[in-house]
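**Q** Quick one: structure below, then a few questions.
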Protein chains: 2
Amino acid sequence: MARVYNFGAGPGTLPPEVLEEARRELIDYQGIGMSIMECSHRAKAYQAVHDEALHNLRQLLQLPQDYALLLLPGGASLQFAMVPLNLASAKDTADYTLTGSWAGKAAKQAAKICRVHTAADTSGERPACMPVPETIRASDHPAYLHLTSNETIEGTQWKSFPKIEFPVVADMSSDILSRPLDISRFGLIYAGAQKNLGPAGIALVAIRRDLAERAPASLPSMLRYRDHIDNNSLLNTPPSFPVYMLMLVTRWILKTGLENIWRQNQEKAALLYQEIDRDRFYQGTAHPQYRSAMNVTFRLPSEALETQFISEAEEQGLHALKGHRSVGGIRASIYNAMPHDGVKQLCRFMADFKNRHSNGNTPG
Amino acid sequence: MARVYNFGAGPGTLPPEVLEEARRELIDYQGIGMSIMECSHRAKAYQAVHDEALHNLRQLLQLPQDYALLLLPGGASLQFAMVPLNLASAKDTADYTLTGSWAGKAAKQAAKICRVHTAADTSGERPACMPVPETIRASDHPAYLHLTSNETIEGTQWKSFPKIEFPVVADMSSDILSRPLDISRFGLIYAGAQKNLGPAGIALVAIRRDLAERAPASLPSMLRYRDHIDNNSLLNTPPSFPVYMLMLVTRWILKTGLENIWRQNQEKAALLYQEIDRDRFYQGTAHPQYRSAMNVTFRLPSEALETQFISEAEEQGLHALKGHRSVGGIRASIYNAMPHDGVKQLCRFMADFKNRHSNGNTPG
């Protein structure tokens, strides 16, 4: 089969040139006589990969020196626990904004570790919304405020971030490096790699160094940011192949330019939302003001039509458009590596499908 | 450069046919039009990989149904914390056998979580030893007894395991599936994948199901075996490419046969130890009774000769023979995927090197 356009929410599509390069050197990495997978994490060849991955990320995030950058195993889900374990004691209160499935999961894990205060809750609103930064009700002395910058299931995204005097912590798993970022607004950001950065199996954490000092020495080393900082993310054997892939992907982002990536992402999203808004056959599920540029979610007039839409799209090489099982509908994830052409083809298919299924005349 | 023989202690060498297969389908996995890395962990293609990886491991470990099998991120180092977090409370005592660097690391992390009793300590003995099972001094009511089945740095290996009435927990990172195992002797075993099972980024845990019930519900889900069991190791997005590689490697072990692997491993180790024991030029660092079949450690008459040995070996395609930085000397790691021919070539090189550097007549 030819390459499909993969609209899956994650693990997501990767740039074909990155996959080609990985294939080219899979068995003999740069003439060392072995795969990078087989290479010791203390050997020069891997060290260069590790250092370049961190260096590329630092450059793309424009990370000041007072932030440490880590590559950690376990994805964002482990960070749901590591953030409160490192930044709060059992008596502390951490503020959480509840904006959808992923924010809810983060808050649920934090509640096992410290007190959790709901600083904003838009999770029940339909169309799906994000909080207005000004309406956030902070608790008295929160250890931090947590937010989820993009909700993959609800298809919403924070468009501007709250500016407050205590640390903001953000789960950026689904929109990291899809747009320029002012890191100084955040005390800590984290992101699983498998959407915009590479394959699954690794998470990026950028943390203001002073915050890493909060963690007690009694915290196990693998869960303690400070220990990972002291060891340059080599406290244990790192997931070296995912790190290598992340290095290739960040190299590709640098070559393309983050501003270009962001412009392309906006164009791709605009095309899709335009197709949705043309009339009432397709119904976007997110409030237009908070629509995600990464996960475009919409409904059709009936579930039967949705099933047919997904199956016909699949036949045309437009893959994994099924919405998350918890909400149904359609979801087109258009991460950095989704080509413009993939979105154009999806739009064409949407127009065609509508023509064939709205009895000749478009409602609305 | 041609393929080298990689004697590194981990990440270790992989079977060439496994790497070839991974390369063949890296960009288009089984005709699905994308890489397995890009495939959703909820999609059929990945589910089949995940299920086969678990199934192969179950078969190779001959795991009874009252044991759960997990694939978890973070390697063995995260298990140093997860084991006591799940199996002991802060008031409980866990017994640890101190046999070298890795056992020491496990005990150090456990001491952050519960009381730790030293049930045996051979870590200072030279030549390096393992405890005689009969001499283990257990505490009164230990939550479990922890041991490290193979010490990669000291080059020692447990040859028979203690039979006791409380659960035995074993870190088997460096000899998992190198020999048949009677799992019923253990309450829990864990192993990082990067020596005998695949690339880095994943750990195997086999746990007797009743032990998983000990963990409090307040433990964060990603750290709680019970939550992973309930989700078939899909609690979060798994490190899907490492799981895929592990599937290929376990398929290769099944095809070769674990008994054959074990016989080959014994033969390879015997060849090397024979070469070491031929006279006094090479000095094994482990007591003959506890010599590891995975990591063969030895010294030369001087550090200068060791440096020269490593560098000349490297030129002949015998790679990564340097002993761990904490102990020096030479270490040849001969995991499952090290071919017999690699060991033969190393033996030939050792004989030749000795002839050239012992002034024409071999001492001893």
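Labels used: A, B, ... for chains in the order of the structure tokens, numbers from 1 for residues in each chain, and numbers from 1 for ligands as shown.
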Show me a table, sorted first by chain and then by increasing residue number, of the residues of chain B having an atom at most 7 Å from chain A, each with its shortest atom pair and the distance in Å to one decimal, counting only C-alpha atoms and written as CSV.

**A**
```
residue,atom,partner,partner_atom,distance
B:Met1,CA,A:Gly31,CA,5.3
B:Ala2,CA,A:Gly33,CA,5.6
B:Arg3,CA,A:Gly33,CA,4.2
B:Val4,CA,A:Gly33,CA,5.1
B:Gly8,CA,A:Ser40,CA,6.5
B:Gly10,CA,A:Ser40,CA,5.8
B:Pro11,CA,A:Ser40,CA,5.2
B:Gly12,CA,A:Glu38,CA,5.1
B:Thr13,CA,A:Glu38,CA,5.1
B:Leu14,CA,A:Glu38,CA,6.6
B:Leu19,CA,A:Ile27,CA,6.2
B:Arg23,CA,A:Arg23,CA,5.6
B:Leu26,CA,A:Arg23,CA,6.3
B:Ile27,CA,A:Leu19,CA,6.3
B:Gly31,CA,A:Met1,CA,5.3
B:Ile32,CA,A:Met1,CA,6.6
B:Gly33,CA,A:Arg3,CA,4.2
B:Met34,CA,A:Arg3,CA,6.0
B:Met37,CA,A:Pro199,CA,5.6
B:Glu38,CA,A:Gly12,CA,5.1
B:Cys39,CA,A:Pro11,CA,5.9
B:Ser40,CA,A:Pro11,CA,5.2
B:Pro73,CA,A:Gly74,CA,5.1
B:Gly74,CA,A:Pro73,CA,5.1
B:Ser77,CA,A:Asn236,CA,6.4
B:Leu78,CA,A:Met222,CA,5.8
B:Ala81,CA,A:Pro220,CA,6.1
B:Gln109,CA,A:Pro220,CA,5.8
B:Lys112,CA,A:Ser218,CA,5.2
B:Pro199,CA,A:Met37,CA,5.6
B:Ala200,CA,A:Pro239,CA,4.8
B:Gly201,CA,A:Pro239,CA,3.9
B:Ser218,CA,A:Lys112,CA,5.2
B:Leu219,CA,A:Lys112,CA,6.7
B:Pro220,CA,A:Gln109,CA,5.8
B:Met222,CA,A:Leu78,CA,5.8
B:Asn236,CA,A:Ser77,CA,6.4
B:Thr237,CA,A:Ala200,CA,6.7
B:Pro238,CA,A:Gly201,CA,6.3
B:Pro239,CA,A:Gly201,CA,3.9
B:Ser240,CA,A:Ala200,CA,6.1
```

**Q** Please produce, as CSV, a per-residue contact table for segment 164-236 of chain B versus segment 326-337 of chain B (criterion: any atom at most 9 Å away, only C-alpha atoms considered), showing the nearest atom pair and its distance in Å to one decimal, sorted by chain then residue number.

**A**
```
residue,atom,partner,partner_atom,distance
B:Ser174,CA,B:Tyr335,CA,8.1
B:Asp175,CA,B:Tyr335,CA,7.7
B:Leu177,CA,B:Asn336,CA,8.3
B:Ser178,CA,B:Asn336,CA,6.2
B:Lys195,CA,B:Tyr335,CA,6.6
B:Asn196,CA,B:Asn336,CA,5.9
B:Leu197,CA,B:Asn336,CA,8.8
```

**Q** As a count of residues only, which residues of segment 61-281 of chain B does DSSP assign to strand (DSSP E)?

**A** 42

**Q** Need the shell around Leu254 of chain A: protein/DNA/RNA residues with any atom at most 10 Å away, counting only C-alpha atoms. Skip same-chain ones fewer than 4 positions apart. Format as JSON, numbers by chain?

**A** {"A": [56, 57, 59, 60, 248, 249, 250, 258, 259, 260, 261]}

**Q** Pull N, CA, C and O atoms from the residues just selected and write them as a short mmCIF file (atom, residue, chain, number, x, y, z; two decimals), in the first residue's frame.

**A**
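Final file, selection.cif:
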```cif
data_model
loop_
_atom_site.label_atom_id
_atom_site.label_comp_id
_atom_site.auth_asym_id
_atom_site.auth_seq_id
_atom_site.Cartn_x
_atom_site.Cartn_y
_atom_site.Cartn_z
N ASN A 56 18.93 20.94 20.14
CA ASN A 56 17.88 21.35 19.20
C ASN A 56 16.64 21.84 19.96
O ASN A 56 16.03 22.85 19.60
N LEU A 57 16.27 21.10 20.99
CA LEU A 57 15.09 21.48 21.76
C LEU A 57 15.29 22.82 22.45
O LEU A 57 14.41 23.67 22.48
N GLN A 59 17.17 25.22 21.52
CA GLN A 59 17.13 26.27 20.52
C GLN A 59 15.68 26.55 20.08
O GLN A 59 15.25 27.70 20.02
N LEU A 60 14.91 25.51 19.84
CA LEU A 60 13.54 25.68 19.38
C LEU A 60 12.65 26.30 20.45
O LEU A 60 11.74 27.06 20.16
N LEU A 248 16.26 13.60 15.14
CA LEU A 248 16.01 13.77 13.71
C LEU A 248 14.81 14.70 13.48
O LEU A 248 14.82 15.55 12.58
N VAL A 249 13.76 14.53 14.29
CA VAL A 249 12.55 15.35 14.09
C VAL A 249 12.84 16.82 14.43
O VAL A 249 12.43 17.73 13.70
N THR A 250 13.57 17.06 15.52
CA THR A 250 13.86 18.46 15.87
C THR A 250 14.81 19.09 14.85
O THR A 250 14.72 20.28 14.56
N LEU A 258 10.56 27.15 12.89
CA LEU A 258 9.37 27.05 13.73
C LEU A 258 8.28 28.03 13.29
O LEU A 258 7.08 27.72 13.35
N GLU A 259 8.68 29.22 12.81
CA GLU A 259 7.69 30.19 12.34
C GLU A 259 6.94 29.64 11.11
O GLU A 259 5.74 29.82 10.98
N ASN A 260 7.69 28.97 10.23
CA ASN A 260 7.05 28.36 9.05
C ASN A 260 6.12 27.23 9.45
O ASN A 260 5.03 27.09 8.91
N ILE A 261 6.58 26.42 10.39
CA ILE A 261 5.74 25.32 10.90
C ILE A 261 4.43 25.90 11.42
O ILE A 261 3.34 25.41 11.12
#
```

**Q** Pull the alpha helix (DSSP H) assignments for segment 14-230 of chain B out of DSSP run on the backbone, and list those residues as an MDAnalysis selection string.

**A** chainID B and resid 16:24 44:61 75:87 101:110 209:212 225:230

**Q** Near segment 343-351 of chain B, counting only C-alpha atoms, which residues have an atom at most 7 Å away, once you skip same-chain residues fewer than 5 positions from it, shown as a compact mmCIF listing (two decimals) with N, CA and C atoms, in the first residue's frame?

**A**
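Saved result, part.txt, follows:
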```txt
# COMPACT_ATOMS: atom_id res chain seq x y z
N LYS B 268 29.83 -20.18 25.04
CA LYS B 268 30.56 -18.93 24.83
C LYS B 268 31.32 -18.54 26.09
N LEU B 272 35.62 -18.31 26.89
CA LEU B 272 36.32 -17.13 27.40
C LEU B 272 37.02 -17.41 28.72
N GLU B 275 40.13 -19.34 28.22
CA GLU B 275 41.22 -18.50 27.73
C GLU B 275 41.83 -17.71 28.88
N LEU B 318 36.45 -5.73 17.57
CA LEU B 318 35.97 -6.28 18.85
C LEU B 318 35.73 -5.07 19.76
```
